[in-house]
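**Student:** For reference, the file entry23.tsv (TSV, C-alpha atoms) is included below:
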chain	number	residue	atom	x	y	z
G	1	MET	CA	-92.53	-151.25	-98.92
G	2	ARG	CA	-89.94	-148.64	-99.93
G	3	ASN	CA	-91.42	-146.13	-97.50
G	4	MET	CA	-91.40	-148.74	-94.72
G	5	ILE	CA	-87.73	-149.41	-95.31
G	6	ILE	CA	-86.87	-145.72	-95.33
G	7	ALA	CA	-88.83	-145.26	-92.09
G	8	ALA	CA	-87.04	-148.23	-90.51
G	9	LEU	CA	-83.64	-146.93	-91.50
G	10	GLY	CA	-84.61	-143.54	-90.11
G	11	VAL	CA	-85.40	-145.05	-86.72
G	12	LEU	CA	-82.13	-146.97	-86.78
G	13	LEU	CA	-80.20	-143.84	-87.65
G	14	ILE	CA	-81.55	-141.80	-84.76
G	15	SER	CA	-81.03	-144.74	-82.42
G	16	VAL	CA	-77.29	-145.00	-82.92
G	17	PRO	CA	-75.62	-144.21	-79.59
G	18	LEU	CA	-73.78	-140.93	-79.60
G	19	ALA	CA	-70.32	-141.37	-78.18
G	20	ALA	CA	-69.19	-139.53	-75.08
G	21	HIS	CA	-66.95	-136.49	-74.88
G	22	HIS	CA	-64.23	-138.77	-73.53
G	23	GLY	CA	-63.07	-142.31	-74.32
G	24	ALA	CA	-63.89	-145.43	-72.33
G	25	ALA	CA	-60.34	-146.39	-71.30
G	26	ALA	CA	-61.05	-146.07	-67.56
G	27	LEU	CA	-63.87	-148.61	-67.75
G	28	ASP	CA	-63.54	-152.33	-67.17
G	29	THR	CA	-65.23	-152.98	-70.47
G	30	GLY	CA	-67.28	-156.12	-70.75
G	31	LYS	CA	-67.76	-156.40	-66.97
G	32	GLU	CA	-71.24	-155.81	-65.64
G	33	ILE	CA	-72.38	-155.36	-62.04
G	34	THR	CA	-75.98	-155.31	-60.82
G	35	LEU	CA	-76.63	-153.25	-57.69
G	36	LYS	CA	-79.83	-152.48	-55.84
G	37	GLY	CA	-79.88	-149.29	-53.82
G	38	ALA	CA	-81.41	-145.94	-52.96
G	39	VAL	CA	-80.87	-142.77	-54.99
G	40	THR	CA	-78.97	-140.00	-53.21
G	41	GLU	CA	-78.71	-137.54	-56.13
G	42	TRP	CA	-79.47	-137.31	-59.86
G	43	ILE	CA	-77.37	-134.69	-61.62
G	44	TRP	CA	-78.83	-133.67	-64.99
G	45	SER	CA	-75.85	-131.97	-66.60
G	46	ASN	CA	-73.43	-131.64	-69.50
G	47	PRO	CA	-71.20	-133.25	-70.58
G	48	HIS	CA	-72.70	-136.20	-68.68
G	49	CYS	CA	-75.63	-136.78	-66.38
G	50	PHE	CA	-74.82	-138.97	-63.41
G	51	LEU	CA	-76.72	-140.85	-60.73
G	52	GLN	CA	-75.48	-141.30	-57.18
G	53	PHE	CA	-76.95	-144.05	-55.03
G	54	ASP	CA	-76.16	-146.05	-51.89
G	55	ALA	CA	-75.83	-149.79	-52.40
G	56	LYS	CA	-74.41	-152.74	-50.48
G	57	ASP	CA	-71.58	-154.68	-52.02
G	58	ASP	CA	-70.94	-158.41	-51.63
G	59	THR	CA	-69.46	-157.89	-48.16
G	60	GLY	CA	-72.47	-155.95	-46.90
G	61	THR	CA	-70.64	-152.64	-46.94
G	62	VAL	CA	-72.71	-149.69	-48.13
G	63	ARG	CA	-70.92	-147.49	-50.64
G	64	ASN	CA	-72.11	-144.42	-52.46
G	65	TRP	CA	-71.86	-145.16	-56.19
G	66	ALA	CA	-71.75	-142.63	-59.01
G	67	VAL	CA	-72.62	-143.81	-62.50
G	68	GLU	CA	-72.41	-141.58	-65.52
G	69	THR	CA	-74.69	-141.53	-68.52
G	70	GLN	CA	-74.72	-139.46	-71.68
G	71	ASN	CA	-75.74	-135.81	-71.88
G	72	PRO	CA	-79.31	-134.61	-71.24
G	73	THR	CA	-80.07	-134.38	-74.95
G	74	THR	CA	-79.22	-137.99	-75.63
G	75	MET	CA	-80.77	-139.21	-72.39
G	76	THR	CA	-84.03	-137.47	-73.25
G	77	GLN	CA	-84.15	-139.57	-76.39
G	78	ARG	CA	-83.74	-142.64	-74.17
G	79	GLY	CA	-86.67	-141.82	-71.89
G	80	PHE	CA	-84.84	-140.07	-69.04
G	81	SER	CA	-85.65	-136.61	-67.68
G	82	ARG	CA	-84.40	-134.13	-65.09
G	83	THR	CA	-87.17	-135.15	-62.69
G	84	LEU	CA	-87.00	-138.92	-63.23
G	85	PHE	CA	-85.38	-139.62	-59.83
G	86	LYS	CA	-85.63	-138.18	-56.35
G	87	ALA	CA	-83.57	-138.96	-53.27
G	88	GLY	CA	-84.62	-142.23	-51.66
G	89	ASP	CA	-86.00	-143.86	-54.82
G	90	GLU	CA	-85.25	-147.60	-54.91
G	91	VAL	CA	-83.45	-148.55	-58.11
G	92	THR	CA	-81.66	-151.51	-59.60
G	93	VAL	CA	-78.67	-150.45	-61.69
G	94	ILE	CA	-76.72	-152.56	-64.16
G	95	LEU	CA	-73.41	-150.81	-64.68
G	96	GLU	CA	-69.96	-151.12	-66.18
G	97	PRO	CA	-67.45	-150.29	-63.39
G	98	VAL	CA	-64.10	-148.54	-63.67
G	99	LYS	CA	-60.95	-150.64	-63.46
G	100	ASN	CA	-59.55	-149.14	-60.27
G	101	GLY	CA	-62.19	-150.47	-57.87
G	102	GLN	CA	-63.70	-147.11	-56.98
G	103	PRO	CA	-67.52	-147.03	-56.80
G	104	ILE	CA	-67.70	-145.33	-60.19
G	105	GLY	CA	-68.98	-146.58	-63.50
G	106	ARG	CA	-71.23	-146.14	-66.47
G	107	MET	CA	-74.92	-146.93	-66.28
G	108	LEU	CA	-76.08	-149.50	-68.80
G	109	THR	CA	-79.65	-150.21	-67.65
G	110	ILE	CA	-81.79	-149.11	-64.75
G	111	VAL	CA	-84.99	-150.54	-63.29
G	112	LEU	CA	-87.14	-148.04	-61.44
G	113	ALA	CA	-89.19	-148.75	-58.33
G	114	ASN	CA	-92.32	-149.19	-60.48
G	115	GLY	CA	-90.60	-151.84	-62.57
G	116	GLN	CA	-89.97	-149.62	-65.58
G	117	LYS	CA	-86.71	-150.52	-67.30
G	118	LEU	CA	-84.68	-147.92	-69.17
G	119	VAL	CA	-81.65	-148.57	-71.35
G	120	ALA	CA	-79.00	-145.91	-70.71
G	121	ALA	CA	-76.23	-147.20	-72.98
G	122	PRO	CA	-75.05	-150.26	-74.84
G	123	PRO	CA	-72.10	-152.12	-73.27
G	124	THR	CA	-68.71	-150.84	-74.44
G	125	THR	CA	-67.21	-152.90	-77.23
G	126	PRO	CA	-64.05	-152.56	-79.31
G	127	GLU	CA	-66.29	-151.14	-82.03
G	128	ASN	CA	-67.66	-148.24	-80.00
G	129	ALA	CA	-64.51	-147.56	-77.94
G	130	PRO	CA	-61.77	-147.66	-80.56
G	131	TYR	CA	-59.12	-145.67	-78.74
G	132	LYS	CA	-56.74	-146.89	-76.05
G	133	PRO	CA	-54.78	-144.61	-73.70
G	134	GLN	CA	-51.28	-143.71	-74.86
I	1	MET	CA	-86.81	-156.92	-101.00
I	2	ARG	CA	-86.08	-160.37	-99.61
I	3	PRO	CA	-88.41	-161.51	-96.80
I	4	HIS	CA	-85.63	-162.17	-94.28
I	5	ARG	CA	-84.29	-158.64	-94.75
I	6	VAL	CA	-87.75	-157.18	-94.11
I	7	VAL	CA	-88.02	-159.28	-90.93
I	8	PHE	CA	-84.58	-158.10	-89.79
I	9	ILE	CA	-85.46	-154.45	-90.32
I	10	ALA	CA	-88.82	-154.81	-88.59
I	11	ALA	CA	-87.18	-156.56	-85.62
I	12	SER	CA	-84.50	-153.88	-85.40
I	13	VAL	CA	-87.14	-151.18	-85.38
I	14	ALA	CA	-89.03	-152.94	-82.61
I	15	VAL	CA	-85.92	-153.33	-80.45
I	16	PHE	CA	-84.82	-149.73	-80.80
I	17	ALA	CA	-88.34	-148.38	-80.44
I	18	ALA	CA	-88.69	-150.26	-77.16
I	19	ALA	CA	-85.41	-148.87	-75.90
I	20	LEU	CA	-86.24	-145.33	-76.94
I	21	PRO	CA	-89.75	-144.49	-75.85
I	22	ASN	CA	-89.39	-140.77	-76.49
I	23	ALA	CA	-87.58	-140.95	-79.82
I	24	GLN	CA	-90.05	-138.99	-81.88
I	25	MET	CA	-90.56	-135.40	-82.92
I	26	LYS	CA	-92.16	-133.36	-80.19
I	27	PRO	CA	-93.56	-129.82	-80.36
I	28	TRP	CA	-91.45	-128.78	-77.36
I	29	ASN	CA	-87.96	-129.55	-76.15
I	30	ASN	CA	-86.84	-131.60	-79.10
I	31	ALA	CA	-83.45	-133.22	-78.82
I	32	GLY	CA	-82.81	-133.00	-82.53
I	33	LEU	CA	-84.33	-135.66	-84.70
I	34	SER	CA	-84.98	-135.10	-88.36
I	35	GLU	CA	-87.88	-137.18	-89.55
I	36	PRO	CA	-87.43	-139.72	-92.35
I	37	PRO	CA	-88.29	-138.05	-95.65
I	38	SER	CA	-91.60	-138.85	-97.31
I	39	GLY	CA	-91.94	-138.31	-101.03
I	40	PRO	CA	-89.63	-136.41	-103.34
I	41	SER	CA	-88.13	-133.14	-102.20
I	42	GLY	CA	-88.87	-129.88	-103.96
I	43	PRO	CA	-86.08	-127.80	-105.51
I	44	ALA	CA	-83.81	-125.61	-103.40
I	45	PRO	CA	-85.28	-122.14	-102.91
I	46	ARG	CA	-83.12	-119.35	-104.33
I	47	ARG	CA	-80.45	-118.01	-101.95
I	48	ASP	CA	-82.31	-119.26	-98.90
I	49	LEU	CA	-80.97	-121.44	-96.06
I	50	SER	CA	-83.70	-120.48	-93.59
I	51	GLY	CA	-84.95	-123.22	-91.32
I	52	THR	CA	-83.88	-125.59	-88.56
I	53	TRP	CA	-81.30	-128.14	-89.64
I	54	ASP	CA	-79.94	-131.40	-88.24
I	55	ALA	CA	-76.77	-133.20	-89.31
I	56	GLY	CA	-77.64	-136.20	-87.11
I	57	ARG	CA	-74.76	-138.26	-85.82
I	58	ASP	CA	-72.45	-136.93	-88.56
I	59	GLY	CA	-72.51	-133.56	-86.81
I	60	ILE	CA	-71.11	-135.03	-83.59
I	61	GLN	CA	-67.45	-135.93	-83.85
I	62	PRO	CA	-66.43	-137.32	-80.44
I	63	THR	CA	-63.04	-138.60	-81.59
I	64	GLY	CA	-62.11	-135.44	-83.47
I	65	HIS	CA	-60.29	-135.31	-86.78
I	66	ILE	CA	-57.04	-136.48	-88.30
I	67	ALA	CA	-55.42	-133.14	-89.01
I	68	ALA	CA	-52.83	-132.09	-91.58
I	69	PRO	CA	-49.22	-132.46	-90.35
I	70	PHE	CA	-48.19	-129.96	-87.69
I	71	THR	CA	-45.52	-127.31	-88.04
I	72	PRO	CA	-42.89	-127.45	-85.25
I	73	LEU	CA	-44.88	-124.81	-83.34
I	74	GLY	CA	-48.09	-126.72	-83.99
I	75	GLU	CA	-46.50	-129.86	-82.58
I	76	GLN	CA	-45.60	-127.94	-79.44
I	77	MET	CA	-49.10	-126.51	-79.11
I	78	ALA	CA	-50.68	-129.95	-79.57
I	79	LYS	CA	-48.56	-131.39	-76.75
I	80	ALA	CA	-50.08	-128.89	-74.33
I	81	ASN	CA	-53.58	-130.14	-75.12
I	82	HIS	CA	-54.61	-133.30	-73.27
I	83	PRO	CA	-57.84	-134.47	-74.91
I	84	GLY	CA	-60.34	-136.93	-73.53
I	85	ASN	CA	-60.72	-138.57	-76.90
I	86	GLY	CA	-59.07	-139.02	-80.30
I	87	THR	CA	-55.64	-140.33	-81.22
I	88	ARG	CA	-53.84	-138.45	-78.40
I	89	ILE	CA	-56.37	-139.48	-75.71
I	90	VAL	CA	-55.33	-139.22	-72.06
I	91	GLN	CA	-57.08	-140.57	-68.98
I	92	VAL	CA	-60.23	-138.71	-68.09
I	93	THR	CA	-58.50	-137.50	-64.89
I	94	ASP	CA	-55.82	-135.74	-66.97
I	95	ASP	CA	-58.16	-134.26	-69.58
I	96	ASN	CA	-57.64	-130.48	-69.86
I	97	ASP	CA	-60.27	-129.75	-72.50
I	98	PRO	CA	-61.27	-126.12	-71.82
I	99	LEU	CA	-64.83	-126.84	-72.90
I	100	SER	CA	-65.68	-129.98	-70.97
I	101	THR	CA	-63.51	-129.43	-67.88
I	102	MET	CA	-63.85	-125.68	-67.34
I	103	GLY	CA	-67.00	-124.68	-69.18
I	104	ASP	CA	-65.20	-122.36	-71.61
I	105	PRO	CA	-67.12	-121.47	-74.77
I	106	THR	CA	-66.86	-124.06	-77.51
I	107	GLY	CA	-65.80	-121.31	-79.89
I	108	PHE	CA	-65.53	-121.33	-83.65
I	109	PRO	CA	-64.86	-123.51	-85.59
I	110	ARG	CA	-65.20	-126.17	-82.89
I	111	ILE	CA	-68.95	-125.53	-82.71
I	112	VAL	CA	-69.05	-126.87	-86.27
I	113	LEU	CA	-66.32	-129.52	-85.97
I	114	TYR	CA	-67.40	-131.19	-82.71
I	115	GLU	CA	-70.93	-130.58	-81.53
I	116	LEU	CA	-72.87	-129.58	-84.59
I	117	ARG	CA	-76.18	-130.35	-82.97
I	118	PRO	CA	-79.33	-129.00	-84.63
I	119	PHE	CA	-79.20	-125.33	-85.52
I	120	GLN	CA	-81.50	-122.70	-86.95
I	121	ILE	CA	-80.59	-120.32	-89.76
I	122	VAL	CA	-82.29	-116.93	-89.94
I	123	GLN	CA	-81.63	-114.57	-92.85
I	124	THR	CA	-82.05	-110.83	-92.78
I	125	SER	CA	-81.35	-108.33	-95.55
I	126	ASN	CA	-77.67	-108.07	-94.60
I	127	GLN	CA	-76.92	-111.03	-92.30
I	128	VAL	CA	-77.17	-114.78	-91.98
I	129	LEU	CA	-77.65	-115.75	-88.33
I	130	ILE	CA	-76.83	-119.25	-87.16
I	131	LEU	CA	-78.45	-120.20	-83.84
I	132	TYR	CA	-76.88	-123.33	-82.39
I	133	MET	CA	-78.68	-125.69	-80.03
I	134	PHE	CA	-75.35	-126.59	-78.47
I	135	GLU	CA	-74.46	-123.84	-76.00
I	136	LYS	CA	-77.56	-121.92	-77.17
I	137	ARG	CA	-75.03	-119.70	-78.98
I	138	TRP	CA	-75.28	-117.70	-82.20
I	139	ARG	CA	-73.04	-116.43	-84.97
I	140	VAL	CA	-73.52	-113.40	-87.19
I	141	ILE	CA	-72.39	-113.76	-90.81
I	142	TRP	CA	-72.43	-110.44	-92.58
I	143	THR	CA	-73.64	-110.57	-96.19
I	144	ASP	CA	-73.57	-106.82	-96.88
I	145	GLY	CA	-70.32	-106.96	-98.83
I	146	ARG	CA	-68.00	-105.80	-96.07
I	147	ALA	CA	-64.47	-107.12	-95.98
I	148	LEU	CA	-63.09	-109.23	-93.15
I	149	PRO	CA	-61.17	-107.15	-90.59
I	150	THR	CA	-57.41	-107.01	-90.87
I	151	ASN	CA	-55.47	-107.81	-87.70
I	152	PRO	CA	-58.64	-108.21	-85.58
I	153	ASP	CA	-58.76	-108.71	-81.83
I	154	PRO	CA	-59.45	-112.43	-81.44
I	155	ARG	CA	-62.97	-113.43	-80.39
I	156	TRP	CA	-64.37	-116.79	-79.24
I	157	TYR	CA	-66.51	-116.90	-82.39
I	158	GLY	CA	-64.33	-114.83	-84.70
I	159	TYR	CA	-65.52	-112.57	-87.51
I	160	SER	CA	-67.49	-113.92	-90.47
I	161	VAL	CA	-68.65	-112.67	-93.86
I	162	GLY	CA	-70.66	-114.57	-96.45
I	163	ARG	CA	-71.40	-114.37	-100.14
I	164	TRP	CA	-73.61	-116.33	-102.52
I	165	VAL	CA	-71.43	-117.87	-105.22
I	166	ASP	CA	-74.52	-119.24	-106.98
I	167	ASP	CA	-78.22	-119.44	-106.15
I	168	SER	CA	-77.79	-122.40	-103.80
I	169	THR	CA	-74.31	-121.99	-102.29
I	170	LEU	CA	-73.30	-119.63	-99.51
I	171	VAL	CA	-69.56	-119.39	-98.85
I	172	VAL	CA	-68.61	-118.07	-95.40
I	173	ASN	CA	-65.09	-116.88	-94.58
I	174	SER	CA	-63.96	-116.31	-91.02
I	175	VAL	CA	-60.89	-114.94	-89.22
I	176	GLY	CA	-59.95	-113.70	-85.77
I	177	THR	CA	-60.74	-116.83	-83.78
I	178	ASP	CA	-59.42	-117.10	-80.23
I	179	ASP	CA	-56.54	-119.59	-79.92
I	180	ARG	CA	-57.65	-120.62	-76.42
I	181	THR	CA	-60.25	-122.85	-78.08
I	182	TRP	CA	-59.50	-126.25	-79.56
I	183	LEU	CA	-60.48	-127.16	-83.07
I	184	ASP	CA	-62.10	-130.42	-82.08
I	185	ASN	CA	-62.46	-133.14	-79.47
I	186	ALA	CA	-59.03	-134.57	-80.35
I	187	GLY	CA	-57.31	-131.48	-78.98
I	188	ASN	CA	-56.09	-130.19	-82.34
I	189	PRO	CA	-54.92	-126.62	-81.76
I	190	HIS	CA	-55.15	-123.48	-83.88
I	191	SER	CA	-53.60	-120.04	-83.88
I	192	ASN	CA	-55.20	-116.61	-84.05
I	193	ASN	CA	-54.22	-116.62	-87.75
I	194	LEU	CA	-56.63	-119.43	-88.62
I	195	ARG	CA	-58.78	-118.81	-91.69
I	196	VAL	CA	-61.93	-120.88	-92.13
I	197	GLU	CA	-64.09	-121.39	-95.19
I	198	GLU	CA	-67.55	-122.94	-94.80
I	199	ARG	CA	-69.44	-123.85	-97.93
I	200	TYR	CA	-73.21	-124.36	-97.42
I	201	HIS	CA	-74.71	-125.89	-100.55
I	202	ARG	CA	-78.47	-126.40	-100.56
I	203	VAL	CA	-79.01	-129.50	-102.65
I	204	ASN	CA	-82.81	-129.33	-102.59
I	205	GLN	CA	-85.64	-128.04	-100.43
I	206	ARG	CA	-84.86	-130.30	-97.46
I	207	THR	CA	-81.15	-131.11	-97.73
I	208	MET	CA	-77.90	-129.20	-97.73
I	209	GLU	CA	-74.23	-130.11	-97.64
I	210	LEU	CA	-71.49	-128.48	-95.60
I	211	THR	CA	-67.80	-128.43	-96.47
I	212	VAL	CA	-65.24	-126.82	-94.15
I	213	THR	CA	-61.64	-125.94	-95.07
I	214	LEU	CA	-59.06	-124.75	-92.53
I	215	ASP	CA	-55.92	-122.81	-93.34
I	216	ASP	CA	-53.57	-122.08	-90.45
I	217	PRO	CA	-49.94	-121.97	-91.62
I	218	VAL	CA	-48.74	-121.25	-88.08
I	219	VAL	CA	-49.93	-124.65	-86.87
I	220	TYR	CA	-50.40	-126.85	-89.95
I	221	THR	CA	-48.15	-127.41	-92.94
I	222	LYS	CA	-51.05	-127.23	-95.39
I	223	PRO	CA	-54.77	-126.44	-95.55
I	224	TRP	CA	-57.07	-129.31	-94.65
I	225	MET	CA	-60.71	-130.23	-94.87
I	226	PRO	CA	-62.22	-131.77	-91.71
I	227	VAL	CA	-65.75	-131.73	-93.14
I	228	ASP	CA	-66.45	-132.69	-96.74
I	229	LYS	CA	-70.04	-132.47	-98.01
I	230	MET	CA	-71.64	-133.37	-94.68
I	231	ARG	CA	-75.32	-133.99	-95.26
I	232	ILE	CA	-77.68	-131.84	-93.18
I	233	ASP	CA	-81.44	-132.35	-93.17
I	234	LEU	CA	-84.19	-129.80	-92.69
I	235	MET	CA	-86.23	-130.37	-89.54
I	236	PRO	CA	-90.00	-129.87	-89.54
I	237	ASN	CA	-91.37	-126.39	-89.12
I	238	GLY	CA	-92.04	-125.59	-85.47
I	239	SER	CA	-89.19	-127.70	-84.07
I	240	ASP	CA	-88.33	-126.27	-80.65
I	241	LEU	CA	-84.85	-127.36	-79.66
I	242	MET	CA	-83.59	-128.38	-76.23
I	243	GLU	CA	-81.04	-126.40	-74.31
I	244	MET	CA	-77.66	-128.09	-74.40
I	245	ILE	CA	-75.42	-125.79	-72.40
I	246	PRO	CA	-72.15	-127.04	-70.89
I	247	SER	CA	-71.83	-124.93	-67.75
I	248	ALA	CA	-68.76	-124.43	-65.57
I	249	SER	CA	-70.49	-125.67	-62.41
I	250	GLU	CA	-71.70	-128.83	-64.14
I	251	ALA	CA	-68.22	-129.50	-65.52
I	252	ALA	CA	-66.79	-129.07	-62.02
I	253	ALA	CA	-69.37	-131.44	-60.51
I	254	TYR	CA	-68.50	-134.10	-63.09
I	255	ARG	CA	-64.80	-133.80	-62.35
I	256	ARG	CA	-65.34	-133.95	-58.61
I	257	VAL	CA	-67.69	-136.93	-58.56
I	258	ILE	CA	-66.62	-139.02	-61.55
I	259	ALA	CA	-63.45	-138.01	-63.36
I	260	SER	CA	-61.25	-137.45	-60.31
I	261	GLN	CA	-61.87	-141.01	-59.08
I	262	ALA	CA	-61.68	-142.86	-62.39
I	263	LYS	CA	-57.94	-142.86	-62.96
I	264	THR	CA	-56.30	-146.19	-63.70
I	265	LYS	CA	-52.69	-146.88	-62.70
Translate the structure described by the file into structure tokens.
**Tutor:**
Amino acid sequence: MRNMIIAALGVLLISVPLAAHHGAAALDTGKEITLKGAVTEWIWSNPHCFLQFDAKDDTGTVRNWAVETQNPTTMTQRGFSRTLFKAGDEVTVILEPVKNGQPIGRMLTIVLANGQKLVAAPPTTPENAPYKPQ
Amino acid sequence: MRPHRVVFIAASVAVFAAALPNAQMKPWNNAGLSEPPSGPSGPAPRRDLSGTWDAGRDGIQPTGHIAAPFTPLGEQMAKANHPGNGTRIVQVTDDNDPLSTMGDPTGFPRIVLYELRPFQIVQTSNQVLILYMFEKRWRVIWTDGRALPTNPDPRWYGYSVGRWVDDSTLVVNSVGTDDRTWLDNAGNPHSNNLRVEERYHRVNQRTMELTVTLDDPVVYTKPWMPVDKMRIDLMPNGSDLMEMIPSASEAAAYRRVIASQAKTK
């Protein structure tokens, strides 16, 4: 039993999200948007990877969205890879948008064309975004 | 162990395991995961830090550190730094972190105080080499008894010498660090006169502790200790680490696509 507990705690420890290089003040925390669209580019880079995709909003207007994730190291642990997406792939993205209305945000979850669901990040909470802009 | 606690732990494991399909040690391209220990550790080998080490989430300090009080000059230097995190956070659009916005080298001691991702230590007869996963950068710590240089030309990674103070503790002293680098993710500055002491204490075969003390009387009114006995675990033999290199072109792409459009009023 002791070994099981140690193993469980080990998994929990490596699963703790690693915070970003910047704070989350620009995000409309707690708000979630679900968009279905087509990938235009997947940038696998530091300090953040980001996905660009075309999606229609409520008014039918197509906008090119850009949603950031964590760095490649952390995203690898979450099942992502440099070659996961190619242009034209159909995806459903659940994201946390920025406050200013631009088509920018942070990816929370993505569903791939084959139905595979990947968790990119937990929603921002006061606990994991402790700092406010001055 | 109470039954409900066992159920909670098992459920937590299942949830996280489902969310993290690749979270296990791999022979290639490992992101840095030390395995849970099994059985008691052996004793620390004598004067030997060789191996690949992982401080886990403790090694990554996104919000930086609460520093010692600034001198008047230090206060002025801190105002010029606009960090993307920490107590003096600015909007991501206004962030001027030389590492994440321009792809400058992390530098020392920030490599230890911000992104201490897994690293490998190699010992030779007169050096200790630290090979960092972050930036795929290395440091040379001379252990041949030489003195630190006086009035050195500043370097991104400074000048370091080390000595064994007992059979399990290596003390590393460094000078000559370049003041263009920040100390941490909170934008704490330093001068070229910064002196750093790192104390690597191997507790047993698979664990060591790191303590870091900074002394920079130009910027801070007293020495301070941003890292105090940070636990670092030995990774399995054969761990091949990922590249984690913040490049200038990638930093520029992030600013163009994301950061430049994210500003709030």
**Student:** Would you pick out the contacts of segment 200-211 of chain I at 8 Å or less, using all atoms listed in the file, so that residues sharing its chain but fewer than 5 positions from it are not included, and give the list as a PDB file with C-alpha atoms, keeping the file's coordinate frame?
**Tutor:**
ATOM      1  CA  SER I  41     -88.130-133.140-102.200  1.00  0.00           C
ATOM      2  CA  GLY I  42     -88.870-129.880-103.960  1.00  0.00           C
ATOM      3  CA  PRO I  43     -86.080-127.800-105.510  1.00  0.00           C
ATOM      4  CA  ALA I  44     -83.810-125.610-103.400  1.00  0.00           C
ATOM      5  CA  PRO I  45     -85.280-122.140-102.910  1.00  0.00           C
ATOM      6  CA  LEU I  49     -80.970-121.440 -96.060  1.00  0.00           C
ATOM      7  CA  SER I 168     -77.790-122.400-103.800  1.00  0.00           C
ATOM      8  CA  THR I 169     -74.310-121.990-102.290  1.00  0.00           C
ATOM      9  CA  LEU I 170     -73.300-119.630 -99.510  1.00  0.00           C
ATOM     10  CA  VAL I 171     -69.560-119.390 -98.850  1.00  0.00           C
ATOM     11  CA  MET I 225     -60.710-130.230 -94.870  1.00  0.00           C
ATOM     12  CA  VAL I 227     -65.750-131.730 -93.140  1.00  0.00           C
ATOM     13  CA  ASP I 228     -66.450-132.690 -96.740  1.00  0.00           C
ATOM     14  CA  LYS I 229     -70.040-132.470 -98.010  1.00  0.00           C
ATOM     15  CA  MET I 230     -71.640-133.370 -94.680  1.00  0.00           C
ATOM     16  CA  ARG I 231     -75.320-133.990 -95.260  1.00  0.00           C
ATOM     17  CA  ILE I 232     -77.680-131.840 -93.180  1.00  0.00           C
ATOM     18  CA  ASP I 233     -81.440-132.350 -93.170  1.00  0.00           C
ATOM     19  CA  LEU I 234     -84.190-129.800 -92.690  1.00  0.00           C
TER      20      LEU I 234
END
**Student:** Enter the distance from atom CA of Phe85 of chain G to atom CA of Ala248 of chain I, in Å, rounded to one decimal.
**Tutor:**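 Calculated distance between atom CA of Phe85 of chain G and atom CA of Ala248 of chain I is 23.2 Å.
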**Student:** In terms of the shortest atom-to-atom distance over all atoms listed in the file, which of G:Asn100, G:Gln52, G:Ser45, G:Thr34 is closest to Thr74 of chain G?
**Tutor:**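 Answer, going by the shortest atom-to-atom distance: G:Ser45.
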**Student:** With only C-alpha atoms as the basis for distance, which of I:Met77, I:Val140, I:Val175, I:Met235 is at the shortest distance from Ala55 of chain I?
**Tutor:**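 When distances to Ala55 of chain I are compared using only C-alpha atoms, the smallest one comes from I:Met235.
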**Student:** Nearest to chain G among I:Lys136, I:Arg88, I:Lys222, I:Arg255, with distances taken over only C-alpha atoms: which residue is it?
**Tutor:**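 Smallest distance to chain G is found for I:Arg88.
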